[in-house]
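Worksheet: one structure, shown below.
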Number of protein chains: 2
Amino acid sequence: MKTVGVLLSGCGVYDGVEIHEAVLTLLALDKQGATILCMAPDMEQYHVVDHITGEATDQKRNVLIESARVARGEIQDLKTIAASQLDALVIPGGFGAAKNLTNFAIKGKDAEAHPEVSRIINEMADAGKPIGAICISPAVVTAVLKHRHPEMTIGNDYETAEAIEAMGGVHMPCTVDQIHVDEKNKLVTTPAYMLGPGIKDVALGIERLVEKILAIA
Amino acid sequence: MKTVGVLLSGCGVYDGVEIHEAVLTLLALDKQGATILCMAPDMEQYHVVDHITGEATDQKRNVLIESARVARGEIQDLKTIAASQLDALVIPGGFGAAKNLTNFAIKGKDAEAHPEVSRIINEMADAGKPIGAICISPAVVTAVLKHRHPEMTIGNDYETAEAIEAMGGVHMPCTVDQIHVDEKNKLVTTPAYMLGPGIKDVALGIERLVEKILAIA
């Protein structure tokens with residue numbers, strides 16, 4: 001039985017993890033027989049967004065505590081997890097990846113990752129263990145592994161792809177039901193809600209991504 | 001194309017909708033070709049629970065605004081939706097059903113539903129349109145339709161089943177991968193996380209529930 005870490009970034013597409021992508025990842029992992037280990041950094045969210053108006057509010061929320069909603073309470077503080085405990089790592093998307101795990105949504109090509117996010121991704125890469133990155137999360141992996149020039153997809157959003165390439169990544173266009181595999185870096189990516197259009201389409205790419213990272217692991 | 005309402009109750013199992021059940025409902029509806037209409041009551045949550053400690057906090061959150069996280073912003077205020085717009089209604093579980101949509105978690109057999117929840121369920125029943133209720137949500141339907149003595153399942157939790165029967169419902173034991181169908185009342189139920197054990201098991205019952213309510217609709 002393989003243990004797969006799922007790195008969450010809050011709870012809600014505009015300020016945290018994209019909930020559908022996270023749940024579809026857990027579903028695919030459970031169906032394919034993996035042991036799931038959810039984790040998130042213990043930090044304040046960049047901000048809290050009202051998901052009806054799209055406006056930021058004056059609330060404060062913690063990424064680890066909000067991520068626990070997606071994980072039904074079964075979650076670990078990222079700083080307590082080492083790559084040695086994992087066979088693979090998956091990072092679902094949502095603005096939480098670009099506002100909490102990194103500041104890519106604010107800094108673009110100059111983005112930096114949270115220190116613990118940087119540590120776990122570097123540990124996985126150094127150990128030759130596969131990473132799956134969904135939606136905008138390939139930007140997180142690139143921000144950390146830019147010196148390895150990882151190949152990845154975020155679909156066909158060329159402005160965002162340009163920022164990722166400026167960091168050192170290599171972007172490949174891809175449809176929502178497919179994955180891109182960087183064999184050298186053991187990085188598997190799928191566009192998910194960078195393309196949509198709906199949950200059933202997003203599910204196809206995520207199922208394939210999970211299948212591939214379990215095959216590599 | 002059939003339009004199915006999905007009645008949400010927040011965002012997180014301990015104070016809102018059970019996120020996996022809600023997302024699996026959306027997935028099954030999209031895969032089976034339904035048009036989805038998410039809705040929730042515009043009301044303050046009963047309380048806000050830290051999903052790591054399980055303790056209530058002093059925060060305040062709104063059920064409609066938190067539900068929008070699960071719906072990616074595509075959500076309507078329940079009070080604006082009439083049964084005439086829907087072919088079927090599904091109510092995922094989570095404590096939000098028992099704390100926000102009703103007060104079943106506090107009052108047990110003396111539970112009452114939020115007036116708008118009561119209205120939409122009565123309208124659906126009067127129109128002979130099917131309702132799907134997942135996990136603890138059969139308690140919501142029973143609180144409203146007690147005079148119709150609906151037959152339903154919440155799995156095998158006999159204490160909770162007793163409270164539902166005291167309201168006027170008829171409880172039938174059921175496994176997580178199966179559904180119970182009350183043909184007379186067009187009510188379809190499945191235990192989901194009342195039983196667990198995992199997301200792949202819960203998904204089986206929810207897929208069957210969606211298939212059945214679409215067949216009846």
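Labeling convention for the structure tokens: chains A, B, ... as they appear, residues from 1 per chain, ligands from 1 in order of appearance.
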
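Taking the backbone of this structure through DSSP, the residues of segment 49-112 of chain A that come out as alpha helix (DSSP H) are A:Val63, A:Leu64, A:Ile65, A:Glu66, A:Ser67, A:Ala68, A:Arg69, A:Val70, A:Phe95, A:Gly96, A:Phe104, A:Ala105, A:Ile106, A:Lys107.
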
With all heavy atoms retained, could you export that selection as a CSV table (one decimal), in the first residue's frame?
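Okay, this is what ended up in out-v4.csv:
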```
chain,number,residue,atom,x,y,z
A,63,VAL,N,-4.8,28.4,7.5
A,63,VAL,CA,-4.8,27.4,6.4
A,63,VAL,C,-4.9,26.0,6.9
A,63,VAL,O,-5.7,25.2,6.3
A,63,VAL,CB,-3.5,27.6,5.6
A,63,VAL,CG1,-3.4,26.5,4.5
A,63,VAL,CG2,-3.4,29.0,4.9
A,64,LEU,N,-4.2,25.6,8.0
A,64,LEU,CA,-4.3,24.3,8.5
A,64,LEU,C,-5.7,23.9,9.0
A,64,LEU,O,-6.3,22.9,8.7
A,64,LEU,CB,-3.2,24.1,9.6
A,64,LEU,CG,-3.2,22.7,10.2
A,64,LEU,CD1,-3.0,21.6,9.3
A,64,LEU,CD2,-2.1,22.7,11.3
A,65,ILE,N,-6.3,24.9,9.7
A,65,ILE,CA,-7.6,24.6,10.4
A,65,ILE,C,-8.7,24.6,9.3
A,65,ILE,O,-9.6,23.7,9.3
A,65,ILE,CB,-7.9,25.7,11.4
A,65,ILE,CG1,-7.0,25.6,12.6
A,65,ILE,CG2,-9.4,25.6,11.9
A,65,ILE,CD1,-7.0,26.7,13.6
A,66,GLU,N,-8.6,25.5,8.3
A,66,GLU,CA,-9.6,25.4,7.2
A,66,GLU,C,-9.4,24.2,6.3
A,66,GLU,O,-10.4,23.6,5.9
A,66,GLU,CB,-9.6,26.7,6.4
A,66,GLU,CG,-9.9,28.0,7.1
A,66,GLU,CD,-11.2,27.9,7.9
A,66,GLU,OE1,-12.2,27.4,7.3
A,66,GLU,OE2,-11.2,28.3,9.1
A,67,SER,N,-8.2,23.8,6.1
A,67,SER,CA,-7.9,22.6,5.3
A,67,SER,C,-8.5,21.4,6.0
A,67,SER,O,-8.9,20.4,5.3
A,67,SER,CB,-6.4,22.4,5.1
A,67,SER,OG,-5.8,23.4,4.4
A,68,ALA,N,-8.6,21.4,7.3
A,68,ALA,CA,-9.2,20.2,8.1
A,68,ALA,C,-10.6,20.0,7.7
A,68,ALA,O,-11.1,18.9,7.8
A,68,ALA,CB,-9.0,20.5,9.5
A,69,ARG,N,-11.3,21.0,7.2
A,69,ARG,CA,-12.7,20.8,6.7
A,69,ARG,C,-12.7,19.9,5.5
A,69,ARG,O,-13.6,19.0,5.5
A,69,ARG,CB,-13.3,22.2,6.3
A,69,ARG,CG,-13.5,23.1,7.5
A,69,ARG,CD,-14.0,24.5,7.1
A,69,ARG,NE,-14.2,25.2,8.3
A,69,ARG,CZ,-15.4,25.2,9.0
A,69,ARG,NH1,-16.4,24.6,8.5
A,69,ARG,NH2,-15.5,25.9,10.2
A,70,VAL,N,-11.8,20.0,4.6
A,70,VAL,CA,-11.8,19.1,3.4
A,70,VAL,C,-11.4,17.7,3.9
A,70,VAL,O,-11.8,16.7,3.3
A,70,VAL,CB,-10.8,19.7,2.4
A,70,VAL,CG1,-10.6,18.8,1.2
A,70,VAL,CG2,-11.2,21.1,2.0
A,95,PHE,N,-6.8,29.1,-5.5
A,95,PHE,CA,-6.0,30.3,-5.3
A,95,PHE,C,-5.1,30.1,-4.0
A,95,PHE,O,-4.1,30.8,-3.8
A,95,PHE,CB,-6.8,31.5,-5.2
A,95,PHE,CG,-7.1,32.2,-6.5
A,95,PHE,CD1,-8.3,32.0,-7.2
A,95,PHE,CD2,-6.1,33.0,-7.1
A,95,PHE,CE1,-8.5,32.5,-8.4
A,95,PHE,CE2,-6.4,33.5,-8.4
A,95,PHE,CZ,-7.5,33.3,-9.0
A,96,GLY,N,-5.5,29.2,-3.1
A,96,GLY,CA,-4.7,28.9,-2.0
A,96,GLY,C,-3.3,28.5,-2.3
A,96,GLY,O,-2.3,28.8,-1.6
A,104,PHE,N,2.4,33.4,-5.8
A,104,PHE,CA,2.4,33.5,-7.2
A,104,PHE,C,1.3,34.4,-7.7
A,104,PHE,O,1.5,35.2,-8.7
A,104,PHE,CB,2.3,32.1,-7.8
A,104,PHE,CG,2.3,32.1,-9.3
A,104,PHE,CD1,3.5,32.3,-10.0
A,104,PHE,CD2,1.1,31.9,-10.1
A,104,PHE,CE1,3.5,32.3,-11.4
A,104,PHE,CE2,1.1,31.9,-11.5
A,104,PHE,CZ,2.3,32.1,-12.1
A,105,ALA,N,0.2,34.4,-7.0
A,105,ALA,CA,-1.0,35.3,-7.5
A,105,ALA,C,-0.6,36.8,-7.3
A,105,ALA,O,-1.2,37.6,-8.1
A,105,ALA,CB,-2.2,35.0,-6.7
A,106,ILE,N,0.3,37.1,-6.5
A,106,ILE,CA,0.7,38.5,-6.2
A,106,ILE,C,2.0,38.8,-6.9
A,106,ILE,O,2.1,39.9,-7.6
A,106,ILE,CB,0.9,38.7,-4.7
A,106,ILE,CG1,-0.5,38.4,-4.0
A,106,ILE,CG2,1.3,40.2,-4.4
A,106,ILE,CD1,-0.5,37.1,-3.3
A,107,LYS,N,3.0,37.9,-6.9
A,107,LYS,CA,4.3,38.2,-7.4
A,107,LYS,C,4.6,37.7,-8.8
A,107,LYS,O,5.7,38.0,-9.3
A,107,LYS,CB,5.4,37.7,-6.4
A,107,LYS,CG,5.3,38.3,-5.0
A,107,LYS,CD,6.1,39.6,-4.9
A,107,LYS,CE,6.1,40.2,-3.5
A,107,LYS,NZ,7.3,39.8,-2.8
```

Sort by chain and increasing residue number a table of all residues of chain B within 8 Å of chain A, each with its closest pair of atoms and their distance in Å to one decimal, counting only C-alpha atoms, and write it as a Markdown table.
```
| residue | atom | partner | partner_atom | distance |
| --- | --- | --- | --- | --- |
| B:Cys11 | CA | A:Arg69 | CA | 7.4 |
| B:Gly12 | CA | A:Arg69 | CA | 4.8 |
| B:Val13 | CA | A:Arg72 | CA | 6.6 |
| B:Ile19 | CA | A:Val70 | CA | 6.4 |
| B:His20 | CA | A:Val23 | CA | 6.1 |
| B:Val23 | CA | A:His20 | CA | 6.1 |
| B:Leu26 | CA | A:Ile199 | CA | 7.4 |
| B:Leu27 | CA | A:Lys200 | CA | 5.8 |
| B:Asp30 | CA | A:Lys200 | CA | 5.9 |
| B:Lys31 | CA | A:Lys200 | CA | 5.6 |
| B:Asp50 | CA | A:Ile65 | CA | 6.4 |
| B:His51 | CA | A:Gly73 | CA | 5.2 |
| B:Ile52 | CA | A:Gly73 | CA | 5.0 |
| B:Ile65 | CA | A:Ile52 | CA | 6.2 |
| B:Glu66 | CA | A:His51 | CA | 7.4 |
| B:Ala68 | CA | A:His51 | CA | 5.4 |
| B:Arg69 | CA | A:Gly12 | CA | 4.8 |
| B:Val70 | CA | A:Ile19 | CA | 6.4 |
| B:Arg72 | CA | A:Val13 | CA | 6.6 |
| B:Gly73 | CA | A:Ile52 | CA | 5.0 |
| B:Glu74 | CA | A:Ile52 | CA | 7.6 |
| B:Ile75 | CA | A:Ile52 | CA | 7.6 |
| B:Gly198 | CA | A:Asp30 | CA | 7.5 |
| B:Ile199 | CA | A:Leu27 | CA | 5.8 |
| B:Lys200 | CA | A:Lys31 | CA | 5.6 |
```

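From atom CA of Ala166 of chain A back to atom CA of Ala217 of chain A, the distance works out to 29.4 Å.
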
Notebook entry, point to check: Just asking: which residues within segment 90-178 of chain A are strand (DSSP E) according to DSSP, as a count of residues only?
Noted result: 10

Notebook entry, point to check: Got a sec: who's within 10 Å of Ile120 of chain B, counting only C-alpha atoms, leaving out chain neighbours fewer than 5 positions off, as an MDAnalysis selection string?
Noted result: chainID B and resid 7 78:79 81:84 89 115 125:126 144

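The spacing separating atom CA of Gly132 of chain B from atom CA of Pro173 of chain B amounts to 16.5 Å.
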
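Reported to one decimal place, the separation of atom CA of Asn103 of chain A from atom CA of Met43 of chain A is 13.3 Å.
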
If you count only C-alpha atoms, which residues fall within 8 Å of Ala97 of chain A, apart from same-chain ones fewer than 2 positions away, as a PDB file with C-alpha atoms, in the first residue's frame?
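The result, stored in around38.pdb:
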```
ATOM      1  CA  SER A   9      -4.053  25.206   1.119  1.00  0.00           C
ATOM      2  CA  GLY A  16      -7.836  28.211  -0.365  1.00  0.00           C
ATOM      3  CA  VAL A  17      -7.783  24.836  -2.040  1.00  0.00           C
ATOM      4  CA  PRO A  92      -4.569  20.262  -5.700  1.00  0.00           C
ATOM      5  CA  GLY A  93      -5.176  23.763  -7.097  1.00  0.00           C
ATOM      6  CA  GLY A  94      -7.226  26.783  -6.128  1.00  0.00           C
ATOM      7  CA  PHE A  95      -5.987  30.273  -5.262  1.00  0.00           C
ATOM      8  CA  LYS A  99      -1.768  32.917  -2.275  1.00  0.00           C
ATOM      9  CA  ASN A 100      -0.854  30.666   0.685  1.00  0.00           C
ATOM     10  CA  LEU A 101       1.544  27.922  -0.476  1.00  0.00           C
ATOM     11  CA  THR A 102       3.279  30.561  -2.629  1.00  0.00           C
ATOM     12  CA  ILE A 136      -2.399  26.267 -10.843  1.00  0.00           C
ATOM     13  CA  SER A 137      -0.188  24.130  -8.542  1.00  0.00           C
ATOM     14  CA  VAL A 140       4.104  26.081  -6.854  1.00  0.00           C
TER      15      VAL A 140
END
```

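The closest residue to Tyr46 of chain B, picked from B:Met172, B:Val117, B:Val188, B:Ala98 and counting only C-alpha atoms, is B:Ala98.
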
Checklist line | Ile164 of chain B environment, 7 Å, only C-alpha atoms, sequence neighbours closer than 4 positions dropped, as number ranges by chain | finding: B: 109, 139, 142, 160, 168-169

Same residues, N, CA, C and O atoms, saved as a PDB file, in the first residue's frame:
```pdb
ATOM      1  N   LYS B 109     -35.912  14.412  18.492  1.00  0.00           N
ATOM      2  CA  LYS B 109     -37.264  14.125  17.956  1.00  0.00           C
ATOM      3  C   LYS B 109     -38.179  15.359  17.898  1.00  0.00           C
ATOM      4  O   LYS B 109     -39.203  15.357  17.221  1.00  0.00           O
ATOM      5  N   ALA B 139     -33.206  12.942   8.335  1.00  0.00           N
ATOM      6  CA  ALA B 139     -33.829  13.563   9.517  1.00  0.00           C
ATOM      7  C   ALA B 139     -34.453  14.907   9.158  1.00  0.00           C
ATOM      8  O   ALA B 139     -35.480  15.293   9.728  1.00  0.00           O
ATOM      9  N   THR B 142     -37.703  14.097   7.317  1.00  0.00           N
ATOM     10  CA  THR B 142     -38.718  13.603   8.264  1.00  0.00           C
ATOM     11  C   THR B 142     -39.271  14.730   9.127  1.00  0.00           C
ATOM     12  O   THR B 142     -40.478  14.782   9.393  1.00  0.00           O
ATOM     13  N   THR B 160     -30.018   7.318  16.688  1.00  0.00           N
ATOM     14  CA  THR B 160     -30.488   8.365  15.774  1.00  0.00           C
ATOM     15  C   THR B 160     -31.756   7.901  15.052  1.00  0.00           C
ATOM     16  O   THR B 160     -32.710   8.680  14.887  1.00  0.00           O
ATOM     17  N   GLY B 168     -41.858  10.411  13.346  1.00  0.00           N
ATOM     18  CA  GLY B 168     -42.882   9.930  12.422  1.00  0.00           C
ATOM     19  C   GLY B 168     -42.324   9.172  11.229  1.00  0.00           C
ATOM     20  O   GLY B 168     -43.077   8.667  10.400  1.00  0.00           O
ATOM     21  N   GLY B 169     -41.003   9.086  11.144  1.00  0.00           N
ATOM     22  CA  GLY B 169     -40.367   8.365  10.041  1.00  0.00           C
ATOM     23  C   GLY B 169     -40.324   6.865  10.293  1.00  0.00           C
ATOM     24  O   GLY B 169     -40.568   6.403  11.402  1.00  0.00           O
TER      25      GLY B 169
END
```
